[in-house]
>>> print(open('upload.pdb').read())   # PDB, C-alpha atoms, pLDDT in the B column
ATOM      1  CA  MET F 543     155.829 124.122  61.250  1.00 53.00           C
ATOM      2  CA  GLU F 544     155.432 120.801  63.038  1.00 70.00           C
ATOM      3  CA  GLU F 545     158.257 118.348  62.606  1.00 91.00           C
ATOM      4  CA  VAL F 546     158.118 115.603  60.015  1.00 96.00           C
ATOM      5  CA  LEU F 547     160.778 112.913  60.103  1.00 97.00           C
ATOM      6  CA  ILE F 548     161.887 111.505  56.739  1.00 97.00           C
ATOM      7  CA  LEU F 549     162.453 107.750  56.605  1.00 97.00           C
ATOM      8  CA  ILE F 550     164.483 106.246  53.768  1.00 97.00           C
ATOM      9  CA  PRO F 551     163.933 102.468  53.781  1.00 95.00           C
ATOM     10  CA  ALA F 552     167.262 101.081  52.547  1.00 93.00           C
ATOM     11  CA  ALA F 553     167.353  97.658  54.203  1.00 90.00           C
ATOM     12  CA  GLY F 554     166.234  95.598  51.213  1.00 84.00           C
ATOM     13  CA  ALA F 555     168.316  92.949  49.507  1.00 83.00           C
ATOM     14  CA  SER F 556     168.092  94.257  45.896  1.00 79.00           C
ATOM     15  CA  SER F 557     167.106  90.695  45.047  1.00 83.00           C
ATOM     16  CA  ARG F 558     165.971  91.560  41.509  1.00 83.00           C
ATOM     17  CA  MET F 559     169.306  93.149  40.585  1.00 86.00           C
ATOM     18  CA  ARG F 560     171.104  89.818  40.046  1.00 84.00           C
ATOM     19  CA  GLY F 561     174.080  90.621  42.273  1.00 77.00           C
ATOM     20  CA  ARG F 562     174.147  94.397  41.933  1.00 88.00           C
ATOM     21  CA  ASP F 563     172.896  96.818  44.571  1.00 87.00           C
ATOM     22  CA  LYS F 564     170.289  99.169  43.109  1.00 92.00           C
ATOM     23  CA  LEU F 565     170.962 101.738  45.828  1.00 92.00           C
ATOM     24  CA  MET F 566     174.575 102.024  44.651  1.00 93.00           C
ATOM     25  CA  GLU F 567     173.564 102.752  41.042  1.00 92.00           C
ATOM     26  CA  ASP F 568     174.803 106.069  39.676  1.00 92.00           C
ATOM     27  CA  VAL F 569     172.362 108.973  39.442  1.00 94.00           C
ATOM     28  CA  GLY F 570     174.013 112.109  38.116  1.00 93.00           C
ATOM     29  CA  GLY F 571     177.379 111.367  39.677  1.00 94.00           C
ATOM     30  CA  GLU F 572     176.202 110.081  43.065  1.00 96.00           C
ATOM     31  CA  THR F 573     174.630 106.853  44.217  1.00 96.00           C
ATOM     32  CA  ALA F 574     170.861 106.556  44.416  1.00 95.00           C
ATOM     33  CA  LEU F 575     171.060 106.208  48.208  1.00 96.00           C
ATOM     34  CA  HIS F 576     173.376 109.200  48.680  1.00 97.00           C
ATOM     35  CA  ARG F 577     171.135 111.322  46.471  1.00 97.00           C
ATOM     36  CA  ALA F 578     167.981 110.372  48.377  1.00 97.00           C
ATOM     37  CA  ALA F 579     169.603 111.166  51.717  1.00 97.00           C
ATOM     38  CA  ARG F 580     171.039 114.440  50.399  1.00 97.00           C
ATOM     39  CA  ILE F 581     167.745 115.828  49.091  1.00 97.00           C
ATOM     40  CA  ALA F 582     165.970 114.657  52.239  1.00 97.00           C
ATOM     41  CA  ARG F 583     168.444 116.531  54.430  1.00 96.00           C
ATOM     42  CA  ALA F 584     168.152 119.607  52.201  1.00 95.00           C
ATOM     43  CA  SER F 585     164.497 119.833  53.242  1.00 93.00           C
ATOM     44  CA  GLY F 586     165.641 120.597  56.785  1.00 93.00           C
ATOM     45  CA  ALA F 587     163.960 117.526  58.240  1.00 93.00           C
ATOM     46  CA  ARG F 588     165.576 114.879  60.422  1.00 94.00           C
ATOM     47  CA  VAL F 589     166.460 111.915  58.231  1.00 97.00           C
ATOM     48  CA  TYR F 590     166.685 108.268  59.249  1.00 97.00           C
ATOM     49  CA  VAL F 591     167.836 105.478  56.933  1.00 97.00           C
ATOM     50  CA  THR F 592     167.114 101.847  57.698  1.00 95.00           C
ATOM     51  CA  LEU F 593     169.956  99.512  56.763  1.00 94.00           C
ATOM     52  CA  PRO F 594     170.447  95.756  57.010  1.00 91.00           C
ATOM     53  CA  GLU F 595     172.285  94.968  60.237  1.00 88.00           C
ATOM     54  CA  SER F 596     174.637  92.644  58.373  1.00 85.00           C
ATOM     55  CA  GLY F 597     175.260  91.215  54.923  1.00 82.00           C
ATOM     56  CA  PRO F 598     176.992  92.493  51.779  1.00 83.00           C
ATOM     57  CA  HIS F 599     175.010  95.742  51.505  1.00 85.00           C
ATOM     58  CA  SER F 600     175.344  96.926  55.088  1.00 88.00           C
ATOM     59  CA  VAL F 601     178.793  98.550  55.069  1.00 91.00           C
ATOM     60  CA  PRO F 602     178.705 100.153  51.578  1.00 92.00           C
ATOM     61  CA  ARG F 603     175.291 101.674  52.210  1.00 91.00           C
ATOM     62  CA  ARG F 604     176.319 103.053  55.582  1.00 94.00           C
ATOM     63  CA  ALA F 605     179.370 104.635  53.926  1.00 93.00           C
ATOM     64  CA  GLU F 606     177.067 106.492  51.514  1.00 93.00           C
ATOM     65  CA  LEU F 607     175.550 108.384  54.455  1.00 94.00           C
ATOM     66  CA  SER F 608     178.888 109.805  55.596  1.00 91.00           C
ATOM     67  CA  GLY F 609     178.774 113.557  56.093  1.00 90.00           C
ATOM     68  CA  LEU F 610     175.055 113.864  55.392  1.00 92.00           C
ATOM     69  CA  GLU F 611     173.703 114.011  58.960  1.00 91.00           C
ATOM     70  CA  ALA F 612     171.344 111.177  58.096  1.00 95.00           C
ATOM     71  CA  ARG F 613     171.088 108.681  60.932  1.00 94.00           C
ATOM     72  CA  ALA F 614     171.472 104.988  60.140  1.00 94.00           C
ATOM     73  CA  LEU F 615     168.958 102.587  61.700  1.00 94.00           C
ATOM     74  CA  PRO F 616     170.338  99.031  61.375  1.00 92.00           C
ATOM     75  CA  ILE F 617     167.510  96.503  61.614  1.00 90.00           C
ATOM     76  CA  ARG F 618     167.794  92.802  62.388  1.00 86.00           C
ATOM     77  CA  ASP F 619     164.568  91.788  60.679  1.00 82.00           C
ATOM     78  CA  ALA F 620     165.345  93.379  57.311  1.00 78.00           C
ATOM     79  CA  HIS F 621     164.387  90.091  55.617  1.00 77.00           C
ATOM     80  CA  GLU F 622     160.764  90.841  56.507  1.00 79.00           C
ATOM     81  CA  GLY F 623     160.615  93.694  54.037  1.00 81.00           C
ATOM     82  CA  MET F 624     159.132  97.165  54.170  1.00 87.00           C
ATOM     83  CA  ALA F 625     157.183  96.606  57.395  1.00 89.00           C
ATOM     84  CA  ALA F 626     160.405  96.231  59.386  1.00 90.00           C
ATOM     85  CA  SER F 627     161.657  99.588  58.110  1.00 92.00           C
ATOM     86  CA  LEU F 628     158.350 101.298  58.843  1.00 94.00           C
ATOM     87  CA  ARG F 629     158.270  99.972  62.395  1.00 93.00           C
ATOM     88  CA  ALA F 630     161.794 101.255  62.976  1.00 94.00           C
ATOM     89  CA  GLY F 631     160.916 104.612  61.442  1.00 94.00           C
ATOM     90  CA  VAL F 632     157.871 105.082  63.654  1.00 95.00           C
ATOM     91  CA  ALA F 633     159.927 104.214  66.729  1.00 94.00           C
ATOM     92  CA  ALA F 634     162.494 106.854  65.720  1.00 93.00           C
ATOM     93  CA  ALA F 635     159.813 109.440  64.926  1.00 93.00           C
ATOM     94  CA  GLY F 636     158.599 109.574  68.512  1.00 91.00           C
ATOM     95  CA  SER F 637     156.275 112.563  68.895  1.00 92.00           C
ATOM     96  CA  ALA F 638     156.901 114.015  65.419  1.00 95.00           C
ATOM     97  CA  ALA F 639     153.789 115.251  63.630  1.00 96.00           C
ATOM     98  CA  GLY F 640     154.394 113.020  60.637  1.00 97.00           C
ATOM     99  CA  LEU F 641     156.597 110.418  58.979  1.00 98.00           C
ATOM    100  CA  MET F 642     157.523 110.795  55.314  1.00 98.00           C
ATOM    101  CA  VAL F 643     158.552 107.583  53.565  1.00 97.00           C
ATOM    102  CA  LEU F 644     160.987 108.364  50.748  1.00 97.00           C
ATOM    103  CA  LEU F 645     161.989 105.372  48.630  1.00 95.00           C
ATOM    104  CA  PRO F 646     165.671 105.563  47.657  1.00 95.00           C
ATOM    105  CA  ASP F 647     165.276 103.911  44.234  1.00 92.00           C
ATOM    106  CA  MET F 648     163.227 106.773  42.739  1.00 94.00           C
ATOM    107  CA  PRO F 649     165.871 108.897  40.967  1.00 94.00           C
ATOM    108  CA  GLU F 650     163.521 111.574  39.623  1.00 95.00           C
ATOM    109  CA  ILE F 651     162.091 112.811  42.932  1.00 96.00           C
ATOM    110  CA  THR F 652     163.460 116.278  43.685  1.00 96.00           C
ATOM    111  CA  GLU F 653     164.134 118.403  46.736  1.00 95.00           C
ATOM    112  CA  GLY F 654     161.309 120.658  45.548  1.00 96.00           C
ATOM    113  CA  ASP F 655     158.897 117.714  45.528  1.00 97.00           C
ATOM    114  CA  LEU F 656     159.734 116.972  49.152  1.00 97.00           C
ATOM    115  CA  SER F 657     159.384 120.610  50.194  1.00 95.00           C
ATOM    116  CA  GLY F 658     155.991 120.831  48.487  1.00 96.00           C
ATOM    117  CA  LEU F 659     154.720 117.739  50.277  1.00 97.00           C
ATOM    118  CA  LEU F 660     156.005 118.976  53.617  1.00 96.00           C
ATOM    119  CA  ALA F 661     154.296 122.350  53.144  1.00 95.00           C
ATOM    120  CA  ALA F 662     151.012 120.680  52.216  1.00 96.00           C
ATOM    121  CA  PHE F 663     151.218 118.417  55.248  1.00 96.00           C
ATOM    122  CA  ALA F 664     151.842 121.419  57.496  1.00 95.00           C
ATOM    123  CA  ALA F 665     148.528 122.869  56.273  1.00 95.00           C
ATOM    124  CA  GLU F 666     146.612 119.608  56.874  1.00 95.00           C
ATOM    125  CA  PRO F 667     148.642 117.573  59.390  1.00 95.00           C
ATOM    126  CA  GLY F 668     145.878 115.106  60.215  1.00 94.00           C
ATOM    127  CA  LYS F 669     145.695 113.551  56.751  1.00 96.00           C
ATOM    128  CA  VAL F 670     147.855 111.193  54.699  1.00 97.00           C
ATOM    129  CA  HIS F 671     149.627 113.104  51.936  1.00 97.00           C
ATOM    130  CA  ARG F 672     150.840 111.173  48.909  1.00 97.00           C
ATOM    131  CA  ALA F 673     152.671 112.152  45.755  1.00 98.00           C
ATOM    132  CA  ALA F 674     151.065 111.106  42.494  1.00 97.00           C
ATOM    133  CA  ALA F 675     151.856 111.014  38.808  1.00 97.00           C
ATOM    134  CA  GLU F 676     150.679 113.847  36.584  1.00 95.00           C
ATOM    135  CA  ASP F 677     147.504 111.872  35.800  1.00 96.00           C
ATOM    136  CA  GLY F 678     146.698 111.357  39.501  1.00 95.00           C
ATOM    137  CA  THR F 679     147.970 107.777  39.848  1.00 96.00           C
ATOM    138  CA  PRO F 680     149.117 107.422  43.504  1.00 95.00           C
ATOM    139  CA  GLY F 681     152.850 107.043  44.015  1.00 96.00           C
ATOM    140  CA  HIS F 682     155.611 108.103  46.431  1.00 96.00           C
ATOM    141  CA  PRO F 683     156.706 109.733  48.717  1.00 97.00           C
ATOM    142  CA  VAL F 684     153.968 109.409  51.355  1.00 97.00           C
ATOM    143  CA  ILE F 685     153.568 111.293  54.646  1.00 97.00           C
ATOM    144  CA  PHE F 686     151.718 109.524  57.461  1.00 97.00           C
ATOM    145  CA  PRO F 687     150.279 111.655  60.284  1.00 97.00           C
ATOM    146  CA  ARG F 688     151.130 110.857  63.900  1.00 96.00           C
ATOM    147  CA  ARG F 689     147.669 109.412  64.595  1.00 95.00           C
ATOM    148  CA  LEU F 690     148.578 106.437  62.347  1.00 95.00           C
ATOM    149  CA  PHE F 691     151.887 105.677  64.070  1.00 95.00           C
ATOM    150  CA  VAL F 692     150.343 103.014  66.320  1.00 94.00           C
ATOM    151  CA  GLU F 693     149.001 101.123  63.294  1.00 93.00           C
ATOM    152  CA  LEU F 694     152.323 101.439  61.479  1.00 94.00           C
ATOM    153  CA  SER F 695     154.191 100.134  64.528  1.00 93.00           C
ATOM    154  CA  VAL F 696     152.513  96.720  64.310  1.00 91.00           C
ATOM    155  CA  ILE F 697     152.379  96.063  60.567  1.00 89.00           C
ATOM    156  CA  THR F 698     154.015  92.933  59.167  1.00 86.00           C
ATOM    157  CA  GLY F 699     155.135  91.675  55.775  1.00 76.00           C
ATOM    158  CA  ASP F 700     156.222  93.536  52.666  1.00 70.00           C
ATOM    159  CA  VAL F 701     153.067  95.469  51.758  1.00 70.00           C
ATOM    160  CA  GLY F 702     154.363  98.696  53.261  1.00 75.00           C
ATOM    161  CA  GLY F 703     151.821 101.218  54.442  1.00 83.00           C
ATOM    162  CA  ARG F 704     149.063 100.283  51.984  1.00 84.00           C
ATOM    163  CA  ARG F 705     146.987  98.551  54.657  1.00 86.00           C
ATOM    164  CA  VAL F 706     147.235 101.565  56.940  1.00 89.00           C
ATOM    165  CA  MET F 707     146.159 103.907  54.139  1.00 90.00           C
ATOM    166  CA  ALA F 708     143.094 101.788  53.317  1.00 87.00           C
ATOM    167  CA  GLY F 709     140.005 103.728  54.302  1.00 83.00           C
ATOM    168  CA  GLU F 710     141.962 106.932  54.894  1.00 91.00           C
ATOM    169  CA  GLU F 711     141.250 110.221  53.153  1.00 89.00           C
ATOM    170  CA  VAL F 712     144.487 110.513  51.184  1.00 95.00           C
ATOM    171  CA  VAL F 713     145.447 113.918  49.799  1.00 97.00           C
ATOM    172  CA  LEU F 714     147.140 113.397  46.435  1.00 97.00           C
ATOM    173  CA  HIS F 715     149.810 115.778  45.149  1.00 97.00           C
ATOM    174  CA  PRO F 716     150.428 115.305  41.404  1.00 97.00           C
ATOM    175  CA  LEU F 717     154.040 115.769  40.326  1.00 96.00           C
ATOM    176  CA  ALA F 718     155.115 116.447  36.755  1.00 92.00           C
ATOM    177  CA  GLY F 719     155.407 113.408  34.506  1.00 92.00           C
ATOM    178  CA  GLN F 720     155.798 109.957  36.016  1.00 93.00           C
ATOM    179  CA  ARG F 721     158.469 110.638  38.613  1.00 94.00           C
ATOM    180  CA  ALA F 722     156.218 109.742  41.557  1.00 96.00           C
ATOM    181  CA  LEU F 723     155.963 106.235  40.061  1.00 95.00           C
ATOM    182  CA  MET F 724     159.497 105.800  38.699  1.00 92.00           C
ATOM    183  CA  ASP F 725     161.156 103.189  40.922  1.00 89.00           C
ATOM    184  CA  LEU F 726     163.933 101.097  39.416  1.00 90.00           C
ATOM    185  CA  ASP F 727     164.274  97.508  40.640  1.00 89.00           C
ATOM    186  CA  THR F 728     166.130  95.582  37.922  1.00 92.00           C
ATOM    187  CA  PRO F 729     169.230  96.107  35.744  1.00 90.00           C
ATOM    188  CA  GLU F 730     166.862  96.500  32.790  1.00 94.00           C
ATOM    189  CA  ASP F 731     164.905  99.223  34.601  1.00 92.00           C
ATOM    190  CA  TRP F 732     168.112 101.173  35.202  1.00 91.00           C
ATOM    191  CA  ALA F 733     169.333 100.684  31.617  1.00 91.00           C
ATOM    192  CA  ASP F 734     165.973 101.818  30.186  1.00 92.00           C
ATOM    193  CA  TRP F 735     165.910 104.869  32.452  1.00 89.00           C
ATOM    194  CA  ARG F 736     169.458 105.891  31.488  1.00 90.00           C
ATOM    195  CA  ALA F 737     168.642 105.447  27.806  1.00 90.00           C
ATOM    196  CA  ARG F 738     165.886 108.033  28.153  1.00 84.00           C
ATOM    197  CA  TYR F 739     167.959 110.642  30.016  1.00 71.00           C
TER     198      TYR F 739
END
>>> encode(input="upload.pdb", output="structure tokens")
Amino acid sequence: MEEVLILIPAAGASSRMRGRDKLMEDVGGETALHRAARIARASGARVYVTLPESGPHSVPRRAELSGLEARALPIRDAHEGMAASLRAGVAAAGSAAGLMVLLPDMPEITEGDLSGLLAAFAAEPGKVHRAAAEDGTPGHPVIFPRRLFVELSVITGDVGGRRVMAGEEVVLHPLAGQRALMDLDTPEDWADWRARY
């Protein structure tokens, strides 16, 4: 199986959390960031985590990676948003066959979901593979094939990989329920999610 690197973009400021860090929120007894890195490593893939080079979130987030064999990628231009993390991830991926982007604020994504996506990508490594909700609504994670690395390496702003996916034949992989869409950005989001589980 060709190698896919997993990128966890964790350099954001959690600006909608009103002083809290969403990546340090508890998910089943571990932080959201630790959980994301743990299930990523359990897939057997190399895992890279972008972190802000400085600021209040830098040190606590780096500490959450301790013992997980997930490599921290501090980035200076974290203020730019998702594009900065994607550029760093592509640079780290080198000649890997693909780059999976796993958002760390999606507490319902499972190790099995990642393994399923990786297996599907191995069967069709030239296409974009994207998790979706049960009804087919596109979500995350997403795997980009190596042929798109050049485009990803020059993107700017906070739109992520949407521009790169435009016009691509994207293979959707529906996951049970809404977990491919469940990202939690505000204290209210986290409270609502906990009230349901």
>>> resolve_selection(input="upload.pdb", expression="the PyMOL selection byres ((chain F and resi 578-586) around 10)", output="short mmCIF file (atom, residue, chain, number, x, y, z; two decimals) with C-alpha atoms, keeping the file's coordinate frame")
data_model
loop_
_atom_site.label_atom_id
_atom_site.label_comp_id
_atom_site.auth_asym_id
_atom_site.auth_seq_id
_atom_site.Cartn_x
_atom_site.Cartn_y
_atom_site.Cartn_z
CA GLU F 545 158.26 118.35 62.61
CA VAL F 546 158.12 115.60 60.02
CA LEU F 547 160.78 112.91 60.10
CA ILE F 548 161.89 111.50 56.74
CA LEU F 549 162.45 107.75 56.60
CA ILE F 550 164.48 106.25 53.77
CA LEU F 565 170.96 101.74 45.83
CA GLU F 572 176.20 110.08 43.06
CA THR F 573 174.63 106.85 44.22
CA ALA F 574 170.86 106.56 44.42
CA LEU F 575 171.06 106.21 48.21
CA HIS F 576 173.38 109.20 48.68
CA ARG F 577 171.14 111.32 46.47
CA ALA F 587 163.96 117.53 58.24
CA ARG F 588 165.58 114.88 60.42
CA VAL F 589 166.46 111.92 58.23
CA TYR F 590 166.68 108.27 59.25
CA VAL F 591 167.84 105.48 56.93
CA GLU F 606 177.07 106.49 51.51
CA LEU F 607 175.55 108.38 54.46
CA GLY F 609 178.77 113.56 56.09
CA LEU F 610 175.06 113.86 55.39
CA GLU F 611 173.70 114.01 58.96
CA ALA F 612 171.34 111.18 58.10
CA ARG F 613 171.09 108.68 60.93
CA MET F 642 157.52 110.80 55.31
CA LEU F 644 160.99 108.36 50.75
CA LEU F 645 161.99 105.37 48.63
CA PRO F 646 165.67 105.56 47.66
CA ASP F 647 165.28 103.91 44.23
CA MET F 648 163.23 106.77 42.74
CA PRO F 649 165.87 108.90 40.97
CA GLU F 650 163.52 111.57 39.62
CA ILE F 651 162.09 112.81 42.93
CA THR F 652 163.46 116.28 43.68
CA GLU F 653 164.13 118.40 46.74
CA GLY F 654 161.31 120.66 45.55
CA ASP F 655 158.90 117.71 45.53
CA LEU F 656 159.73 116.97 49.15
CA SER F 657 159.38 120.61 50.19
CA GLY F 658 155.99 120.83 48.49
CA LEU F 660 156.00 118.98 53.62
#
>>> closest_residue(input="upload.pdb", among="F:Asp568, F:Arg721, F:Asp619, F:Ala605", to="F:Ala553", atoms="only C-alpha atoms")
F:Asp619
>>> closest_residue(input="upload.pdb", among="F:Val684, F:Ala626, F:Val632, F:Ala665", to="F:Val712", atoms="all atoms listed in the file")
F:Val684
>>> closest_residue(input="upload.pdb", among="F:Glu544, F:Asp700, F:Glu666, F:Glu567", to="F:Pro729", atoms="all atoms listed in the file")
F:Glu567
>>> atom_distance(input="upload.pdb", atom1="atom CA of F:Ser695", atom2="atom CA of F:Glu595")
19.3 Å
>>> closest_residue(input="upload.pdb", among="F:Pro616, F:Gly709, F:Pro687, F:Pro680", to="F:Ala722", atoms="only C-alpha atoms")
F:Pro680
>>> closest_residue(input="upload.pdb", among="F:Thr698, F:Thr728, F:Ser556, F:Thr679", to="F:Leu714", atoms="all atoms listed in the file")
F:Thr679
>>> atom_distance(input="upload.pdb", atom1="atom CA of F:Asp677", atom2="atom CA of F:Leu628")
27.6 Å
>>> atom_distance(input="upload.pdb", atom1="atom CA of F:Gly597", atom2="atom CA of F:Asp563")
12.0 Å
>>> residues_around(input="upload.pdb", residues="F:Val701", least_positions_apart="2", cutoff="12 Å", atoms="all atoms listed in the file", output="VMD selection string")
chain F and resid 622 to 628 694 697 to 699 703 to 708
>>> closest_residue(input="upload.pdb", among="F:Ala638, F:Ala620, F:Ala733, F:Ile685", to="F:Gly554", atoms="only C-alpha atoms")
F:Ala620
>>> resolve_selection(input="upload.pdb", expression="the PyMOL selection byres ((chain F and resi 688) around 8)", output="list of chain:residue names")
F:Ser637, F:Ala638, F:Ala639, F:Gly640, F:Leu641, F:Gly668, F:Phe686, F:Pro687, F:Arg689, F:Leu690, F:Phe691
>>> axis_aligned_box(input="upload.pdb", around="stretch 570-588 of chain F", padding_each_side="3 Å", output="JSON")
{"center_x": 170.7, "center_y": 113.4, "center_z": 49.3, "size_x": 19.4, "size_y": 20.4, "size_z": 28.3}
>>> decode(input="upload.pdb", residues="stretch 624-671 of chain F", atoms="C-alpha atoms", output="JSON list (two decimals), in the first residue's frame")
[["chain", "number", "residue", "atom", "x", "y", "z"],
["F", 624, "MET", "CA", -5.97, 26.54, 6.91],
["F", 625, "ALA", "CA", -3.83, 27.28, 3.84],
["F", 626, "ALA", "CA", -0.71, 27.68, 5.99],
["F", 627, "SER", "CA", -1.26, 24.24, 7.52],
["F", 628, "LEU", "CA", -1.89, 22.64, 4.14],
["F", 629, "ARG", "CA", 1.28, 24.12, 2.68],
["F", 630, "ALA", "CA", 3.29, 22.79, 5.61],
["F", 631, "GLY", "CA", 1.63, 19.38, 5.30],
["F", 632, "VAL", "CA", 2.43, 19.08, 1.61],
["F", 633, "ALA", "CA", 6.04, 20.04, 2.27],
["F", 634, "ALA", "CA", 6.25, 17.30, 4.92],
["F", 635, "ALA", "CA", 4.52, 14.74, 2.70],
["F", 636, "GLY", "CA", 7.30, 14.79, 0.13],
["F", 637, "SER", "CA", 6.79, 11.87, -2.26],
["F", 638, "ALA", "CA", 3.92, 10.26, -0.33],
["F", 639, "ALA", "CA", 1.06, 9.01, -2.49],
["F", 640, "GLY", "CA", -1.49, 11.09, -0.64],
["F", 641, "LEU", "CA", -2.19, 13.57, 2.14],
["F", 642, "MET", "CA", -5.15, 13.01, 4.46],
["F", 643, "VAL", "CA", -6.42, 16.12, 6.23],
["F", 644, "LEU", "CA", -7.98, 15.16, 9.57],
["F", 645, "LEU", "CA", -9.60, 18.04, 11.46],
["F", 646, "PRO", "CA", -8.98, 17.72, 15.21],
["F", 647, "ASP", "CA", -12.32, 19.23, 16.30],
["F", 648, "MET", "CA", -14.43, 16.35, 14.93],
["F", 649, "PRO", "CA", -14.90, 14.09, 17.99],
["F", 650, "GLU", "CA", -17.00, 11.41, 16.29],
["F", 651, "ILE", "CA", -14.52, 10.35, 13.59],
["F", 652, "THR", "CA", -13.17, 6.89, 14.40],
["F", 653, "GLU", "CA", -10.04, 4.89, 13.70],
["F", 654, "GLY", "CA", -12.21, 2.65, 11.51],
["F", 655, "ASP", "CA", -13.30, 5.64, 9.43],
["F", 656, "LEU", "CA", -9.67, 6.52, 8.75],
["F", 657, "SER", "CA", -8.75, 2.94, 7.87],
["F", 658, "GLY", "CA", -11.69, 2.72, 5.46],
["F", 659, "LEU", "CA", -10.67, 5.91, 3.69],
["F", 660, "LEU", "CA", -7.06, 4.80, 3.46],
["F", 661, "ALA", "CA", -8.08, 1.45, 1.96],
["F", 662, "ALA", "CA", -10.32, 3.14, -0.60],
["F", 663, "PHE", "CA", -7.54, 5.53, -1.55],
["F", 664, "ALA", "CA", -5.14, 2.62, -2.01],
["F", 665, "ALA", "CA", -7.56, 1.19, -4.59],
["F", 666, "GLU", "CA", -7.89, 4.51, -6.47],
["F", 667, "PRO", "CA", -4.83, 6.61, -5.56],
["F", 668, "GLY", "CA", -5.28, 9.18, -8.32],
["F", 669, "LYS", "CA", -8.57, 10.58, -7.02],
["F", 670, "VAL", "CA", -9.64, 12.80, -4.13],
["F", 671, "HIS", "CA", -11.37, 10.73, -1.46]]
